[in-house]
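To keep things clear, I will list the structure first and then write my remarks on it.
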Amino acid sequence: MTSTTKSDAATGALRGGPRRRRVRPGGGRGAPLPLLVPALIGMAFLVVPLVALLVRAPWRSMPEQLTSAEVWQALRLSLICATAATAVSLVIGVPLAWLLARVEFPGRGLVRALVTLPLVLPPVVGGVALLTALGRNGIVGKWLDSWFGVTLPFTTAGVVVAEAFVAMPFLVISVEGTLRAADPRYEEAATTLGASRFTAFRRVTLPLIAPGIAAGAVLAWARALGEFGATITFAGNFPGRTQTMPLAVYLALQSDPEAAIALSLVLLAVSIAVLAGLRDRWMTAG
């Protein structure tokens, strides 16, 4: 062994061993055919319907389709109700996420499962559940009607309730994950300095988890904007009062397919905008 080789070996030993070459995922080799073919089929399965929507879009009559009074009425109602549902989700969903992430109590796992259940529950079933709970003869709705004269089904407020029911789990999951990633020692340090737990949450925790809250709010807003099943079951389909954009698409599809495609493109554009806004969280790797 030459002196140069010995020197290099000694230097490598002092640095913790010989330097290893960094290998990128995949090793620079092509994908194996048994994986490549299903992957391309899966990509086509997801992308082709969206491309077909763009190809079949009535681009010439699009301005006329989108400037009708019915479309603007449905779009305006959708934006108002989705924003209100997101606000409701923020007010009650952020404290719920904090409770699930920071407080140990019996049955926490069951509570978390129940909170996330609307994610997998068929929306129509969610609408039926809301009717049985908040309808005029529901276990809670009858008291709201007799005591306060409040009736939620088939009203604009009912649309907000239905959308919040299906959208809030997205916010809770996002905020809870952010809370679990945040170091709780900052809150503990604030409480040892004399701050109450609420003050520590408001002044310390809330700024730390603000990005997670923003991401969850955007996801909840997008989910509320596209809600159909629970809305039509609990609030009905009354133009100007409960007819949101997804309901308008469903109604137009039965009489005017071109109008349905035009309305669908509006919702598609909103979804793309949401993904673009969340690109740092969902669309990048590493």
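In the structure tokens, each chain is lettered A, B, ... as it comes, each chain's residues begin at 1, and ligands are numbered from 1 in order of appearance.
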Q: Enumerate the residues of range 87-156 of chain A with a DSSP assignment of helix (DSSP H, G or I), computed from the backbone, and present them as JSON, numbers by chain.
A: {"A": [87, 88, 89, 90, 91, 92, 93, 94, 95, 96, 97, 98, 99, 100, 101, 102, 108, 109, 110, 111, 112, 113, 114, 115, 116, 117, 118, 119, 120, 123, 124, 125, 126, 127, 128, 129, 130, 131, 132, 133, 134, 141, 142, 143, 144, 145, 146, 147, 148, 156]}
(Q) Residues within 12 Å of Leu225 in chain A, please, as a VMD selection string. Count only C-alpha atoms; anything in the same chain fewer than 5 positions from it doesn't count. (A) chain A and resid 74 to 86 159 to 160 162 to 164 166 to 167 218 to 220 231 243 to 247 266 to 268 270 to 271 274
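Nearest-residue note for Val55 in chain A: choosing from A:Pro106, A:Ala262, A:Pro38, A:Asn137, the minimum distance belongs to A:Ala262, counting only C-alpha atoms.
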Q. Which value, in Å to one decimal, gives the distance between CA of Leu110 in chain A and CA of Pro122 in chain A?
A.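 Going from CA of Leu110 in chain A over to CA of Pro122 in chain A covers 19.6 Å.
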Mind running range 83-157 of chain A against range 176-191 of chain A at 12 Å and telling me each contacting residue's nearest atom pair with the distance in Å (one decimal), counting only C-alpha atoms, chain and number ascending, as a Markdown table?
```
| residue | atom | partner | partner_atom | distance |
| --- | --- | --- | --- | --- |
| A:Gly93 | CA | A:Glu176 | CA | 9.7 |
| A:Val94 | CA | A:Glu176 | CA | 8.2 |
| A:Pro95 | CA | A:Glu176 | CA | 9.7 |
| A:Leu96 | CA | A:Glu176 | CA | 8.6 |
| A:Ala97 | CA | A:Glu176 | CA | 4.8 |
| A:Trp98 | CA | A:Glu176 | CA | 6.4 |
| A:Leu99 | CA | A:Glu176 | CA | 8.7 |
| A:Leu100 | CA | A:Glu176 | CA | 7.0 |
| A:Ala101 | CA | A:Glu176 | CA | 5.7 |
| A:Arg102 | CA | A:Leu179 | CA | 7.9 |
| A:Val103 | CA | A:Arg180 | CA | 11.3 |
| A:Arg112 | CA | A:Glu176 | CA | 10.2 |
| A:Val115 | CA | A:Glu176 | CA | 11.7 |
| A:Thr116 | CA | A:Glu176 | CA | 11.6 |
```
Q) Which residues, written as a list in words, have at least one atom at most 12 Å from Leu251 in chain A, with only C-alpha atoms counted and residues fewer than 6 positions away on the same chain left out? A)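 Residues near the query, excluding close chain neighbours: Glu70, Val71, Ala74, Phe228, Ile232, Asn237, Phe238, Pro239, Gln243, Thr244, Met245, Pro257, Glu258, Ala259, Ala260, Ile261, Leu263 and Ser264 of chain A.
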Q.
Would you compute the distance between CA of Ala57 in chain A and CA of Thr242 in chain A? Give it in Å to one decimal.
A. 26.2 Å
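Residues within 9 Å of Ile213 in chain A, counting only C-alpha atoms and excluding same-chain residues fewer than 2 positions away, are Leu90, Val94, Leu171, Val172, Ser174, Val175, Thr178, Leu206, Ile209, Ala210, Pro211, Ala215, Gly216, Ala217 and Val218 of chain A.
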